[in-house]
Amino acid sequence: MKANKSRIEKHHIEDFIGRTYMSFCVTLLIVIIVSMVYFVASKGLSTFISGTTSVSEFFFGTKWSPDGDTPSFGALPFISGSFLVTLLAALIASPLSICAALFMTEIVPGWGKKLLQPVIELLSGIPSVVYGFVGLSVIVPLLRNIFPGQGIGVAAGALVLSVMILPTITSVAADALSSLPQNLKESSFALGATRWQTISRVIIPTTLPAIMTGVVLGMARAFGEALAVQMVIGNAPFVPRSLFESASTLTSVITLGMGNTTMGSPHNNALWSMALVLMLMTFVFVFLVRLLERRNKI
Amino acid sequence: MKPRTADKIATTLIVFFALLIVGILVGLLGYILMRGISHISWDFLTSAPQKIRAGGGVGPQLFNSIFLLFLTLLITVPLGLGAGIFMAEYARPGKLTAFIRLIVEVLSSFPSIVVGLFGLLLIVNYFNLGFSLISGALALTVFNLPLMVRITEQAFRTVPKQQKEAGFALGLSKWKIVTSVLFPVALPTIITGTILSAGRVFGEAAALMFTAGMSSPRLDFGNWNPLSPSSPLNPFRPAETLAVHIWKINSEGLAPDAVQIAAGASAVLVITVLIFNLAARYFGRFIYRKLTASKRMN
Amino acid sequence: MGATATASKNSFQTEQLSIFYGTYEAVKGISLPFPENTVTALIGPSGCGKSTFLRSLNRMNDEISGSTSKGSIWIDGVDINAPGTDVIKLRQKIGMVWQKPNPFYKSIYDNIAFGPKYHGIKGKQALDEIVESSLRRAALWDEVKDRLKDSALALSGGQQQRLCIARALSVNPQILLLDEPASALDPVSTGKVEELIKELREDLRIVIVTHNMQQAARISDYTAYFYLGSLVEHDKTEKVFSNPENQMTQEYIMGRFG
């Protein structure tokens with residue numbers, strides 16, 4: 001055996017091949033993320049470096065007229081539009097999702113899960129252009145008939161997004177609820193509490209960080225969603241004053257503008273700056289999720 | 001309010017909202033299928049689109065979607081397997097593992113439009129691959145890879161660890177254990193997950209608009225030489241997919257039957273996603289039965 | 001105690017072997033010989049370190065992160081616990097079977113043929129022979145010879161366990177480590193496995209961890225009693241069970257604690 005120590009055996013070669021292959025895959029992951037951050041950041045910062053627009057002008061300027069005689073690149077209309085539709089979507093979707101999760105785990109754990117699980121999976125599987133198409137042909141006319149305006153706008157965008165993020169929040173919340181120890185509920189029932197008292201005083205407070213994780217994940221999806229929102233929001237470059245007026249988001253203006261501008265022009269660079277904002281917001285969302293997960297563990 | 005009354009009201013509301021979600025899905029699917037299915041015909045699925053006249057089909061788009069999905073899986077699956085196996089079987093708790101986990105999380109959280117823009121910058125322009133199938137497939141790889149890593153990691157984690165021990169005790173190399181003992185057991189879960197992720201890839205549009213492009217050259221379906229520019233198999237030609245096509249005709253469609261085409265294409269997309277979902281579900285059950293039915297003989 | 005620390009040929013013994021999980025010392029400097037053609041039973045209350053000790057004999061603890069060891073394990077005059085040992089080659093010489101049967105998710109035939117094939121046995125005939133002889137040695141051949149292509153998971157628990165023993169035998173080990181191999185089985189299957197262990201002693205050394213005192217008494221030649229990571233008593237099985245030297249051993253065997 002001693003003599004064999006330094007010999008290269010078959011298993012050494014196998015493990016070497018395996019490790020090389022895996023290292024390649026993992027390295028590629030790292031290369032992708034590094035190059036993504038590098039390329040988007042270097043493009044996105046060029047707006048500020050070239051001096052066409054200052055940081056405060058970009059973030060707080062309300063005037064977006066890239067083709068005017070004195071072009072101006074205030075992105076506040078889009079930033080505010082993105083935040084507004086995201087928050088509204090979360091406000092609509094969260095209560096619905098929490099109810100769905102409670103239905104699956106607390107009210108009728110048996111067939112409730114059997115019914116809603118596939119529903120959730122299918123909802124999350126429907127492509128975003130299809131959501132956009134249905135939004136355009138159902139929700140927009142509906143809003144037009146009920147409310148003032150053309151139907152398009154922040155409200156339509158938020159409604160479409162809320163359906164799109166339902167599955168995310170519901171599945172995270174349902175996981176959190178079903179991982180709750182059984183005795184926690186039993187002790188509450190034993191004290192004579194009704195189901196609603198148990199849910200509102202014991203179950204929801206204990207699982208709140210986990211449910212919030214789901215909400216943040218849903219918001220991340222809503223914030224980054226491009227086509228479905230672009231199709232129903234109207235795409236007017238103004239800070240929204242009403243929910244039923246045409247507005248824009250970061251993603252919608254990028255979607256529409258990127259193909260019609262030349263690389264390197266100030267207009268194009270401003271779009272990249274918005275892409276950079278999207279990327280930074282992703283980091284913020286991931287950070288929030290991690291923060292909540294840490295709280296959830298304690 | 002008496003606790004009993006509150007309990008009743010709350011329960012009713014929860015049930016109502018849960019059923020509302022079911023209603024939303026049923027309404028969505030019903031609407032898409034009702035509106036679209038009448039427009040689906042063999043001719044619609046195979047003929048080329050018309051720019052300004054009615055009666056165009058989605059043949060090339062459908063082909064592009066399928067071919068692009070195939071190319072993407074061809075690249076993503078081996079890479080995802082490698083990184084996923086590393087995370088499940090090799091990564092020891094520590095800074096590097098935590099870092100890779102963070103990368104996977106961030107990558108999977110990036111909005112698909114940002115992934116598309118990165119593709120435009122690096123693959124289309126920098127690598128000079130132009131708007132092409134291969135650019136689209138590489139962008140979709142960035143989009144799908146983190147998911148594939150997670151699917152693989154989770155699938156390997158469900159394999160009983162006694163399987164690994166048995167392999168070690170026989171004097172097998174670790175890589176041999178991974179590939180010949182653990183992989184066959186993890187495979188059903190990996191396949192189910194891959195099919196589901198394929199549905200997501202199939203419906204993706206935002207990542208493709210600026211990578212695979214928004215046009216499709218005249219394809220000659222009699223020409224299968226992958227190097228010829230009019231060949232459907234040429235990976236360096238632009239390729240508008242079904243999902244991108246839906247977006248395009250909704251925003252700039254000129255044909256008089258644009259809405260019907262969008263409806264028909266949406267229905268095709270949704271039916272495909274449904275098939276993917278059912279296939280994954282059926283396959284999962286089939287394997288589960290195959291693995292457990294034999295145990296019933298005890 | 002019977003430990004004689006000589007590193008001679010044809011020997012298998014540990015010398016001052018300690019196992020740590022982090023800073024916790026799970027096994028404390030144990031020296032134990034395993035003579036040829038004998039069965040040694042390791043007994044003791046749960047958490048006494050006997051399973052950890054067993055798993056260290058084929059360096060299986062290496063696969064647990066944070067586990068380290070000190071001391072020596074001598075096989076044929078070579079310390080296999082020394083750094084630089086080719087652990088994977090070593091494990092061919094030492095078979096192992098666990099409490100819960102863990103056949104591969106493969107056919108009965110492939111469960112047995114897999115190891116030999118990996119270690120370079122070629123040709124259907126040679127493999128067929130190994131499969132048959134291994135299954136015969138594990139007293140399973142007659143029950144499965146007509147359905148070698150069936151999934152191993154279709155076998156009963158007792159059959160699966162004997163299949164695992166056959167699988168361990170397929171690569172021709174010199175030593176067989178058994179970690180409570182019968183504790184998950186019904187009495188009939190347990191009887192078969194015990195019978196098998198007695199027969200296998202003719203060709204190899206066997207080390208078995210068991211919680212069942214009757215079983216230890218029935219099948220082992222030597223018995224070692226572990227307590228809190230230390231070796232309390234080691235002697236011929238008749239001696240340990242009839243007239244133990246240590247009070248603790250006696251109390252454990254009589255079932256007063258543990």
# chains A, B, ... in the order shown; residues from 1 in each chain; ligands from 1
$ residues_around --residues "Gly130 in chain B" --least-positions-apart "6" --cutoff "9 Å" --atoms "only C-alpha atoms" --output "number ranges by chain"
B: 120, 123-124, 211-213, 236-238
$ write_last_selection --atoms "N, CA and C atoms" --output "tab-separated table (two decimals), in the first residue's frame"
chain	number	residue	atom	x	y	z
B	120	LEU	N	-27.33	42.18	-24.79
B	120	LEU	CA	-27.14	43.12	-25.89
B	120	LEU	C	-25.72	43.69	-25.86
B	123	ILE	N	-22.97	40.07	-25.55
B	123	ILE	CA	-23.03	39.00	-26.55
B	123	ILE	C	-23.26	39.59	-27.95
B	124	VAL	N	-24.27	40.46	-28.05
B	124	VAL	CA	-24.62	40.99	-29.36
B	124	VAL	C	-23.55	41.94	-29.89
B	211	THR	N	-31.70	40.46	-27.89
B	211	THR	CA	-30.64	39.47	-28.12
B	211	THR	C	-30.98	38.58	-29.32
B	212	ALA	N	-32.14	37.93	-29.26
B	212	ALA	CA	-32.53	37.11	-30.42
B	212	ALA	C	-33.17	37.99	-31.49
B	213	GLY	N	-33.54	39.18	-31.11
B	213	GLY	CA	-34.06	40.12	-32.09
B	213	GLY	C	-35.56	40.06	-32.23
B	236	PHE	N	-27.00	31.62	-36.27
B	236	PHE	CA	-26.53	33.01	-36.30
B	236	PHE	C	-27.52	33.94	-36.98
B	237	ARG	N	-28.75	33.44	-37.20
B	237	ARG	CA	-29.77	34.30	-37.79
B	237	ARG	C	-30.64	34.89	-36.69
B	238	PRO	N	-31.24	36.07	-36.94
B	238	PRO	CA	-32.16	36.62	-35.96
B	238	PRO	C	-33.39	35.72	-35.84
$ residues_around --residues "Ile190 in chain B" --least-positions-apart "2" --cutoff "8 Å" --atoms "only C-alpha atoms" --output "PDB file with C-alpha atoms, in the first residue's frame"
ATOM      1  CA  ILE B 151     -33.045  22.393  -9.062  1.00  0.00           C
ATOM      2  CA  THR B 152     -29.927  20.221  -9.205  1.00  0.00           C
ATOM      3  CA  ALA B 155     -32.586  17.100  -6.201  1.00  0.00           C
ATOM      4  CA  ALA B 186     -31.826  12.545  -8.370  1.00  0.00           C
ATOM      5  CA  LEU B 187     -32.662  12.415 -12.053  1.00  0.00           C
ATOM      6  CA  PRO B 188     -36.484  12.307 -11.835  1.00  0.00           C
ATOM      7  CA  THR B 192     -39.371  17.537 -13.431  1.00  0.00           C
ATOM      8  CA  GLY B 193     -37.686  20.806 -12.471  1.00  0.00           C
ATOM      9  CA  THR B 194     -36.123  21.193 -15.895  1.00  0.00           C
TER      10      THR B 194
END
$ interface_residues --of "chain C" --to "chain A" --cutoff "8 Å" --atoms "only C-alpha atoms" --output "count of residues only"
5
$ interface_residues --of "chain B" --to "chain A" --cutoff "6 Å" --atoms "only C-alpha atoms" --output "list in words"
Asp7, Ile14, Phe17, Ala18, Leu79, Gly82, Ala83, Pro111, Ser173, Trp175, Gly203 and Ser266 of chain B
$ interface_residues --of "chain C" --to "chain B" --cutoff "9 Å" --atoms "only C-alpha atoms" --output "PyMOL selection string"
chain C and resi 58+60+63+65+87-98+100-106+115-116+118-119+151-157+164+167-168+170-171
$ write_last_selection --atoms "N, CA, C and O atoms" --output "compact mmCIF listing (two decimals), in the first residue's frame"
# COMPACT_ATOMS: atom_id res chain seq x y z
N ASN C 58 -12.75 2.43 8.64
CA ASN C 58 -12.52 2.55 7.19
C ASN C 58 -12.48 4.01 6.77
O ASN C 58 -12.76 4.33 5.63
N MET C 60 -14.37 6.41 7.30
CA MET C 60 -15.63 6.98 6.84
C MET C 60 -15.87 8.34 7.48
O MET C 60 -16.57 9.18 6.93
N GLU C 63 -15.54 11.82 5.79
CA GLU C 63 -16.55 12.48 4.96
C GLU C 63 -17.39 13.46 5.77
O GLU C 63 -18.19 14.19 5.23
N SER C 65 -17.50 16.78 7.79
CA SER C 65 -16.59 17.91 7.94
C SER C 65 -16.46 18.25 9.42
O SER C 65 -17.41 18.15 10.19
N VAL C 87 -7.34 6.72 0.82
CA VAL C 87 -8.52 6.27 1.55
C VAL C 87 -9.45 5.45 0.66
O VAL C 87 -10.03 4.46 1.09
N ILE C 88 -9.55 5.88 -0.60
CA ILE C 88 -10.51 5.22 -1.48
C ILE C 88 -10.08 3.80 -1.79
O ILE C 88 -10.87 2.85 -1.76
N LYS C 89 -8.77 3.60 -2.01
CA LYS C 89 -8.27 2.24 -2.25
C LYS C 89 -8.42 1.39 -0.99
O LYS C 89 -8.76 0.22 -1.06
N LEU C 90 -8.19 2.05 0.13
CA LEU C 90 -8.26 1.33 1.40
C LEU C 90 -9.64 0.73 1.62
O LEU C 90 -9.79 -0.39 2.11
N ARG C 91 -10.67 1.49 1.25
CA ARG C 91 -12.03 1.06 1.59
C ARG C 91 -12.44 -0.22 0.87
O ARG C 91 -13.38 -0.88 1.29
N GLN C 92 -11.74 -0.55 -0.22
CA GLN C 92 -12.03 -1.82 -0.88
C GLN C 92 -11.78 -3.00 0.04
O GLN C 92 -12.39 -4.03 -0.07
N LYS C 93 -10.79 -2.82 0.94
CA LYS C 93 -10.39 -3.93 1.80
C LYS C 93 -11.33 -4.09 2.98
O LYS C 93 -11.26 -5.08 3.70
N ILE C 94 -12.15 -3.03 3.22
CA ILE C 94 -12.98 -3.04 4.41
C ILE C 94 -14.43 -2.81 4.01
O ILE C 94 -14.81 -1.72 3.61
N GLY C 95 -15.23 -3.85 4.09
CA GLY C 95 -16.64 -3.70 3.74
C GLY C 95 -17.42 -3.12 4.90
O GLY C 95 -16.99 -3.19 6.06
N MET C 96 -18.58 -2.53 4.59
CA MET C 96 -19.39 -1.97 5.67
C MET C 96 -20.87 -2.16 5.39
O MET C 96 -21.31 -2.04 4.24
N VAL C 97 -21.62 -2.44 6.45
CA VAL C 97 -23.08 -2.59 6.33
C VAL C 97 -23.71 -1.81 7.47
O VAL C 97 -23.20 -1.82 8.60
N TRP C 98 -24.82 -1.12 7.16
CA TRP C 98 -25.42 -0.22 8.15
C TRP C 98 -26.70 -0.79 8.75
O TRP C 98 -27.22 -1.81 8.30
N LYS C 100 -29.74 0.58 8.60
CA LYS C 100 -30.84 0.60 7.63
C LYS C 100 -30.30 0.07 6.31
O LYS C 100 -29.30 0.56 5.82
N PRO C 101 -30.97 -0.93 5.74
CA PRO C 101 -30.50 -1.43 4.45
C PRO C 101 -30.47 -0.28 3.43
O PRO C 101 -31.40 0.50 3.35
N ASN C 102 -29.37 -0.16 2.69
CA ASN C 102 -29.28 0.93 1.71
C ASN C 102 -28.84 0.42 0.35
O ASN C 102 -27.83 0.84 -0.18
N PRO C 103 -29.63 -0.49 -0.23
CA PRO C 103 -29.26 -0.94 -1.58
C PRO C 103 -29.30 0.24 -2.54
O PRO C 103 -30.05 1.19 -2.33
N PHE C 104 -28.46 0.18 -3.59
CA PHE C 104 -28.53 1.21 -4.64
C PHE C 104 -29.86 1.10 -5.34
O PHE C 104 -30.47 0.03 -5.39
N TYR C 105 -30.30 2.21 -5.94
CA TYR C 105 -31.55 2.20 -6.72
C TYR C 105 -31.27 1.55 -8.06
O TYR C 105 -31.39 2.17 -9.10
N LYS C 106 -30.84 0.30 -8.02
CA LYS C 106 -30.49 -0.42 -9.23
C LYS C 106 -31.04 -1.84 -9.12
O LYS C 106 -31.63 -2.19 -8.10
N GLY C 115 -19.58 -2.69 -7.83
CA GLY C 115 -18.25 -2.51 -7.22
C GLY C 115 -17.15 -3.22 -7.99
O GLY C 115 -16.17 -2.60 -8.41
N PRO C 116 -17.30 -4.55 -8.21
CA PRO C 116 -16.27 -5.27 -8.96
C PRO C 116 -16.00 -4.67 -10.33
O PRO C 116 -14.84 -4.55 -10.75
N TYR C 118 -16.31 -1.63 -11.22
CA TYR C 118 -15.54 -0.40 -11.04
C TYR C 118 -14.07 -0.72 -10.77
O TYR C 118 -13.18 -0.02 -11.24
N HIS C 119 -13.85 -1.79 -10.02
CA HIS C 119 -12.46 -2.12 -9.68
C HIS C 119 -11.78 -2.95 -10.74
O HIS C 119 -10.76 -3.58 -10.49
N SER C 151 -35.67 -4.60 -9.48
CA SER C 151 -35.11 -3.54 -8.63
C SER C 151 -34.81 -4.10 -7.24
O SER C 151 -35.60 -4.86 -6.68
N ALA C 152 -33.69 -3.71 -6.69
CA ALA C 152 -33.32 -4.16 -5.36
C ALA C 152 -34.31 -3.64 -4.32
O ALA C 152 -34.46 -4.22 -3.24
N LEU C 153 -35.00 -2.55 -4.65
CA LEU C 153 -35.94 -1.97 -3.70
C LEU C 153 -37.20 -2.82 -3.57
O LEU C 153 -38.00 -2.62 -2.68
N ALA C 154 -37.36 -3.80 -4.49
CA ALA C 154 -38.53 -4.67 -4.42
C ALA C 154 -38.34 -5.77 -3.39
O ALA C 154 -39.28 -6.49 -3.07
N LEU C 155 -37.13 -5.92 -2.86
CA LEU C 155 -36.88 -6.96 -1.87
C LEU C 155 -37.41 -6.54 -0.50
O LEU C 155 -37.60 -5.36 -0.23
N SER C 156 -37.63 -7.54 0.36
CA SER C 156 -38.06 -7.23 1.73
C SER C 156 -36.87 -6.65 2.50
O SER C 156 -35.72 -6.75 2.05
N GLY C 157 -37.16 -6.07 3.66
CA GLY C 157 -36.10 -5.45 4.47
C GLY C 157 -34.97 -6.41 4.78
O GLY C 157 -33.80 -6.07 4.63
N CYS C 164 -27.11 -6.11 0.92
CA CYS C 164 -26.06 -5.15 1.26
C CYS C 164 -24.81 -5.88 1.74
O CYS C 164 -23.69 -5.45 1.46
N ARG C 167 -23.24 -7.22 -1.30
CA ARG C 167 -22.57 -6.14 -2.02
C ARG C 167 -21.21 -5.83 -1.39
O ARG C 167 -20.21 -5.63 -2.09
N ALA C 168 -21.19 -5.82 -0.04
CA ALA C 168 -19.92 -5.57 0.63
C ALA C 168 -18.92 -6.68 0.33
O ALA C 168 -17.73 -6.43 0.15
N SER C 170 -18.74 -8.40 -2.37
CA SER C 170 -18.42 -8.50 -3.80
C SER C 170 -17.03 -8.00 -4.14
O SER C 170 -16.46 -8.41 -5.13
N VAL C 171 -16.47 -7.09 -3.34
CA VAL C 171 -15.14 -6.58 -3.67
C VAL C 171 -14.07 -7.28 -2.82
O VAL C 171 -12.94 -6.82 -2.72
$ residues_around --residues "range 43-52 of chain C" --least-positions-apart "3" --cutoff "6 Å" --atoms "only C-alpha atoms" --output "MDAnalysis selection string"
chainID C and resid 26:27 55 210 225:229 258
$ write_last_selection --atoms "N, CA, C and O atoms" --output "mmCIF file, in the first residue's frame"
data_model
loop_
_atom_site.group_PDB
_atom_site.id
_atom_site.type_symbol
_atom_site.label_atom_id
_atom_site.label_comp_id
_atom_site.auth_asym_id
_atom_site.auth_seq_id
_atom_site.Cartn_x
_atom_site.Cartn_y
_atom_site.Cartn_z
ATOM 1 N N ALA C 26 -14.871 12.334 20.853
ATOM 2 C CA ALA C 26 -15.930 11.322 20.880
ATOM 3 C C ALA C 26 -15.368 9.940 21.197
ATOM 4 O O ALA C 26 -16.049 9.096 21.756
ATOM 5 N N VAL C 27 -14.131 9.708 20.802
ATOM 6 C CA VAL C 27 -13.465 8.429 21.076
ATOM 7 C C VAL C 27 -12.111 8.760 21.680
ATOM 8 O O VAL C 27 -11.364 9.574 21.140
ATOM 9 N N ARG C 55 -16.924 3.585 12.456
ATOM 10 C CA ARG C 55 -16.848 4.340 11.199
ATOM 11 C C ARG C 55 -15.433 4.852 10.909
ATOM 12 O O ARG C 55 -15.108 5.152 9.762
ATOM 13 N N THR C 210 -23.617 -3.424 18.288
ATOM 14 C CA THR C 210 -24.979 -3.888 18.547
ATOM 15 C C THR C 210 -25.485 -3.362 19.888
ATOM 16 O O THR C 210 -24.714 -3.105 20.814
ATOM 17 N N TYR C 225 -16.600 -3.249 25.673
ATOM 18 C CA TYR C 225 -17.615 -2.383 26.252
ATOM 19 C C TYR C 225 -17.106 -0.944 26.278
ATOM 20 O O TYR C 225 -16.063 -0.649 26.844
ATOM 21 N N PHE C 226 -17.866 -0.060 25.625
ATOM 22 C CA PHE C 226 -17.500 1.363 25.538
ATOM 23 C C PHE C 226 -18.365 2.165 26.476
ATOM 24 O O PHE C 226 -19.557 1.879 26.635
ATOM 25 N N TYR C 227 -17.763 3.169 27.091
ATOM 26 C CA TYR C 227 -18.561 4.093 27.879
ATOM 27 C C TYR C 227 -17.959 5.490 27.777
ATOM 28 O O TYR C 227 -16.770 5.669 28.045
ATOM 29 N N LEU C 228 -18.774 6.462 27.357
ATOM 30 C CA LEU C 228 -18.337 7.860 27.207
ATOM 31 C C LEU C 228 -17.036 7.982 26.422
ATOM 32 O O LEU C 228 -16.133 8.718 26.802
ATOM 33 N N GLY C 229 -16.935 7.236 25.356
ATOM 34 C CA GLY C 229 -15.779 7.365 24.478
ATOM 35 C C GLY C 229 -14.565 6.566 24.910
ATOM 36 O O GLY C 229 -13.551 6.577 24.227
ATOM 37 N N GLY C 258 -28.494 2.313 30.303
ATOM 38 C CA GLY C 258 -28.031 2.374 28.928
ATOM 39 C C GLY C 258 -29.136 2.299 27.918
ATOM 40 O O GLY C 258 -30.259 2.482 28.130
#
$ select_by_dssp --residues "range 129-241 of chain C" --states "strand (DSSP E)" --output "PyMOL selection string"
chain C and resi 175-179+205-209+222-227+230-236
$ atom_distance --atom1 "CA of Val216 in chain A" --atom2 "CA of Gly157 in chain A"
18.0 Å
$ residues_around --residues "range 181-194 of chain C" --least-positions-apart "2" --cutoff "9 Å" --atoms "only C-alpha atoms" --output "PyMOL selection string"
chain C and resi 97-101+138-139+157-159+161-162+178-179+196-199+208-212+215+218-219
$ select_by_dssp --residues "range 89-126 of chain A" --states "alpha helix (DSSP H)" --output "ChimeraX atom specification"
/A:89-102,109-125
$ write_last_selection --atoms "N, CA, C and O atoms" --output "short mmCIF file (atom, residue, chain, number, x, y, z; two decimals), in the first residue's frame"
data_model
loop_
_atom_site.label_atom_id
_atom_site.label_comp_id
_atom_site.auth_asym_id
_atom_site.auth_seq_id
_atom_site.Cartn_x
_atom_site.Cartn_y
_atom_site.Cartn_z
N ALA A 89 -49.15 47.02 -6.29
CA ALA A 89 -49.30 45.59 -6.58
C ALA A 89 -49.13 44.77 -5.30
O ALA A 89 -49.90 43.84 -5.04
N ALA A 90 -48.13 45.15 -4.49
CA ALA A 90 -47.90 44.41 -3.24
C ALA A 90 -49.09 44.60 -2.30
O ALA A 90 -49.50 43.66 -1.61
N LEU A 91 -49.64 45.81 -2.27
CA LEU A 91 -50.79 46.08 -1.40
C LEU A 91 -52.00 45.25 -1.80
O LEU A 91 -52.75 44.77 -0.95
N ILE A 92 -52.19 45.07 -3.11
CA ILE A 92 -53.34 44.28 -3.56
C ILE A 92 -53.07 42.79 -3.35
O ILE A 92 -53.92 42.05 -2.86
N ALA A 93 -51.86 42.37 -3.71
CA ALA A 93 -51.58 40.92 -3.74
C ALA A 93 -51.37 40.33 -2.35
O ALA A 93 -51.75 39.19 -2.11
N SER A 94 -50.77 41.10 -1.44
CA SER A 94 -50.41 40.51 -0.14
C SER A 94 -51.60 39.95 0.63
O SER A 94 -51.56 38.79 1.04
N PRO A 95 -52.68 40.73 0.84
CA PRO A 95 -53.80 40.16 1.59
C PRO A 95 -54.39 38.92 0.90
O PRO A 95 -54.66 37.91 1.56
N LEU A 96 -54.51 39.01 -0.42
CA LEU A 96 -55.04 37.86 -1.16
C LEU A 96 -54.15 36.63 -0.97
O LEU A 96 -54.64 35.53 -0.70
N SER A 97 -52.86 36.85 -1.08
CA SER A 97 -51.93 35.73 -0.98
C SER A 97 -51.94 35.13 0.42
O SER A 97 -51.91 33.91 0.58
N ILE A 98 -51.99 36.00 1.43
CA ILE A 98 -51.99 35.49 2.80
C ILE A 98 -53.27 34.68 3.04
O ILE A 98 -53.23 33.61 3.65
N CYS A 99 -54.40 35.17 2.51
CA CYS A 99 -55.64 34.41 2.63
C CYS A 99 -55.51 33.05 1.95
O CYS A 99 -55.91 32.03 2.50
N ALA A 100 -54.93 33.07 0.75
CA ALA A 100 -54.77 31.81 0.03
C ALA A 100 -53.89 30.85 0.84
O ALA A 100 -54.19 29.65 0.95
N ALA A 101 -52.81 31.38 1.42
CA ALA A 101 -51.91 30.54 2.20
C ALA A 101 -52.62 29.99 3.43
O ALA A 101 -52.47 28.82 3.79
N LEU A 102 -53.43 30.84 4.09
CA LEU A 102 -54.18 30.38 5.26
C LEU A 102 -55.19 29.31 4.85
O LEU A 102 -55.38 28.31 5.56
N PRO A 109 -56.73 22.20 5.17
CA PRO A 109 -55.36 21.78 4.80
C PRO A 109 -55.35 20.68 3.74
O PRO A 109 -54.42 20.60 2.96
N GLY A 110 -56.35 19.85 3.71
CA GLY A 110 -56.34 18.73 2.78
C GLY A 110 -56.57 19.16 1.34
O GLY A 110 -55.62 19.37 0.57
N TRP A 111 -57.83 19.38 0.98
CA TRP A 111 -58.09 19.67 -0.42
C TRP A 111 -57.78 21.12 -0.77
O TRP A 111 -57.63 21.46 -1.94
N GLY A 112 -57.67 21.97 0.25
CA GLY A 112 -57.30 23.36 -0.03
C GLY A 112 -55.95 23.43 -0.73
O GLY A 112 -55.76 24.15 -1.71
N LYS A 113 -55.03 22.61 -0.23
CA LYS A 113 -53.71 22.57 -0.84
C LYS A 113 -53.78 21.92 -2.22
O LYS A 113 -53.16 22.40 -3.17
N LYS A 114 -54.58 20.86 -2.29
CA LYS A 114 -54.70 20.17 -3.57
C LYS A 114 -55.29 21.09 -4.64
O LYS A 114 -54.95 21.00 -5.81
N LEU A 115 -56.20 21.98 -4.21
CA LEU A 115 -56.84 22.89 -5.17
C LEU A 115 -55.90 24.03 -5.54
O LEU A 115 -55.70 24.34 -6.72
N LEU A 116 -55.30 24.66 -4.51
CA LEU A 116 -54.58 25.89 -4.78
C LEU A 116 -53.16 25.68 -5.30
O LEU A 116 -52.64 26.51 -6.03
N GLN A 117 -52.55 24.58 -4.90
CA GLN A 117 -51.17 24.33 -5.35
C GLN A 117 -51.05 24.40 -6.87
O GLN A 117 -50.24 25.16 -7.40
N PRO A 118 -51.85 23.61 -7.61
CA PRO A 118 -51.74 23.71 -9.07
C PRO A 118 -52.14 25.08 -9.60
O PRO A 118 -51.56 25.55 -10.59
N VAL A 119 -53.12 25.72 -8.95
CA VAL A 119 -53.53 27.05 -9.39
C VAL A 119 -52.35 28.01 -9.32
O VAL A 119 -52.05 28.75 -10.27
N ILE A 120 -51.64 27.96 -8.18
CA ILE A 120 -50.49 28.84 -7.99
C ILE A 120 -49.40 28.54 -9.02
O ILE A 120 -48.80 29.44 -9.61
N GLU A 121 -49.15 27.23 -9.23
CA GLU A 121 -48.10 26.87 -10.19
C GLU A 121 -48.43 27.35 -11.59
O GLU A 121 -47.57 27.85 -12.31
N LEU A 122 -49.71 27.21 -11.97
CA LEU A 122 -50.10 27.64 -13.32
C LEU A 122 -50.02 29.15 -13.44
O LEU A 122 -49.54 29.68 -14.45
N LEU A 123 -50.48 29.86 -12.39
CA LEU A 123 -50.42 31.32 -12.45
C LEU A 123 -48.98 31.79 -12.63
O LEU A 123 -48.71 32.74 -13.36
N SER A 124 -48.05 31.12 -11.93
CA SER A 124 -46.66 31.56 -12.06
C SER A 124 -46.07 31.12 -13.39
O SER A 124 -45.03 31.63 -13.81
N GLY A 125 -46.71 30.17 -14.05
CA GLY A 125 -46.16 29.69 -15.32
C GLY A 125 -46.61 30.50 -16.52
O GLY A 125 -45.98 30.45 -17.58
#
$ residues_around --residues "range 30-34 of chain B" --least-positions-apart "3" --cutoff "12 Å" --atoms "only C-alpha atoms" --output "PyMOL selection string"
(chain A and resi 126+130-135+137-138) or (chain B and resi 22-27+37-40+259-272+274)
$ residues_around --residues "Ala54 in chain B" --least-positions-apart "5" --cutoff "9 Å" --atoms "only C-alpha atoms" --output "list in words"
Pro49, Ala255, Pro256, Asp257 and Ala258 of chain B
$ write_last_selection --atoms "N, CA and C atoms" --output "mmCIF file, in the first residue's frame"
data_model
loop_
_atom_site.group_PDB
_atom_site.id
_atom_site.type_symbol
_atom_site.label_atom_id
_atom_site.label_comp_id
_atom_site.auth_asym_id
_atom_site.auth_seq_id
_atom_site.Cartn_x
_atom_site.Cartn_y
_atom_site.Cartn_z
ATOM 1 N N PRO B 49 -45.953 35.057 -40.836
ATOM 2 C CA PRO B 49 -46.817 36.198 -40.550
ATOM 3 C C PRO B 49 -46.913 37.147 -41.747
ATOM 4 N N ALA B 255 -51.289 44.562 -39.090
ATOM 5 C CA ALA B 255 -52.266 43.709 -39.764
ATOM 6 C C ALA B 255 -53.645 43.932 -39.153
ATOM 7 N N PRO B 256 -54.698 43.899 -39.959
ATOM 8 C CA PRO B 256 -56.050 44.151 -39.433
ATOM 9 C C PRO B 256 -56.485 43.113 -38.409
ATOM 10 N N ASP B 257 -55.926 41.889 -38.503
ATOM 11 C CA ASP B 257 -56.326 40.863 -37.528
ATOM 12 C C ASP B 257 -55.268 40.695 -36.434
ATOM 13 N N ALA B 258 -54.556 41.790 -36.118
ATOM 14 C CA ALA B 258 -53.472 41.718 -35.136
ATOM 15 C C ALA B 258 -53.966 41.184 -33.791
#
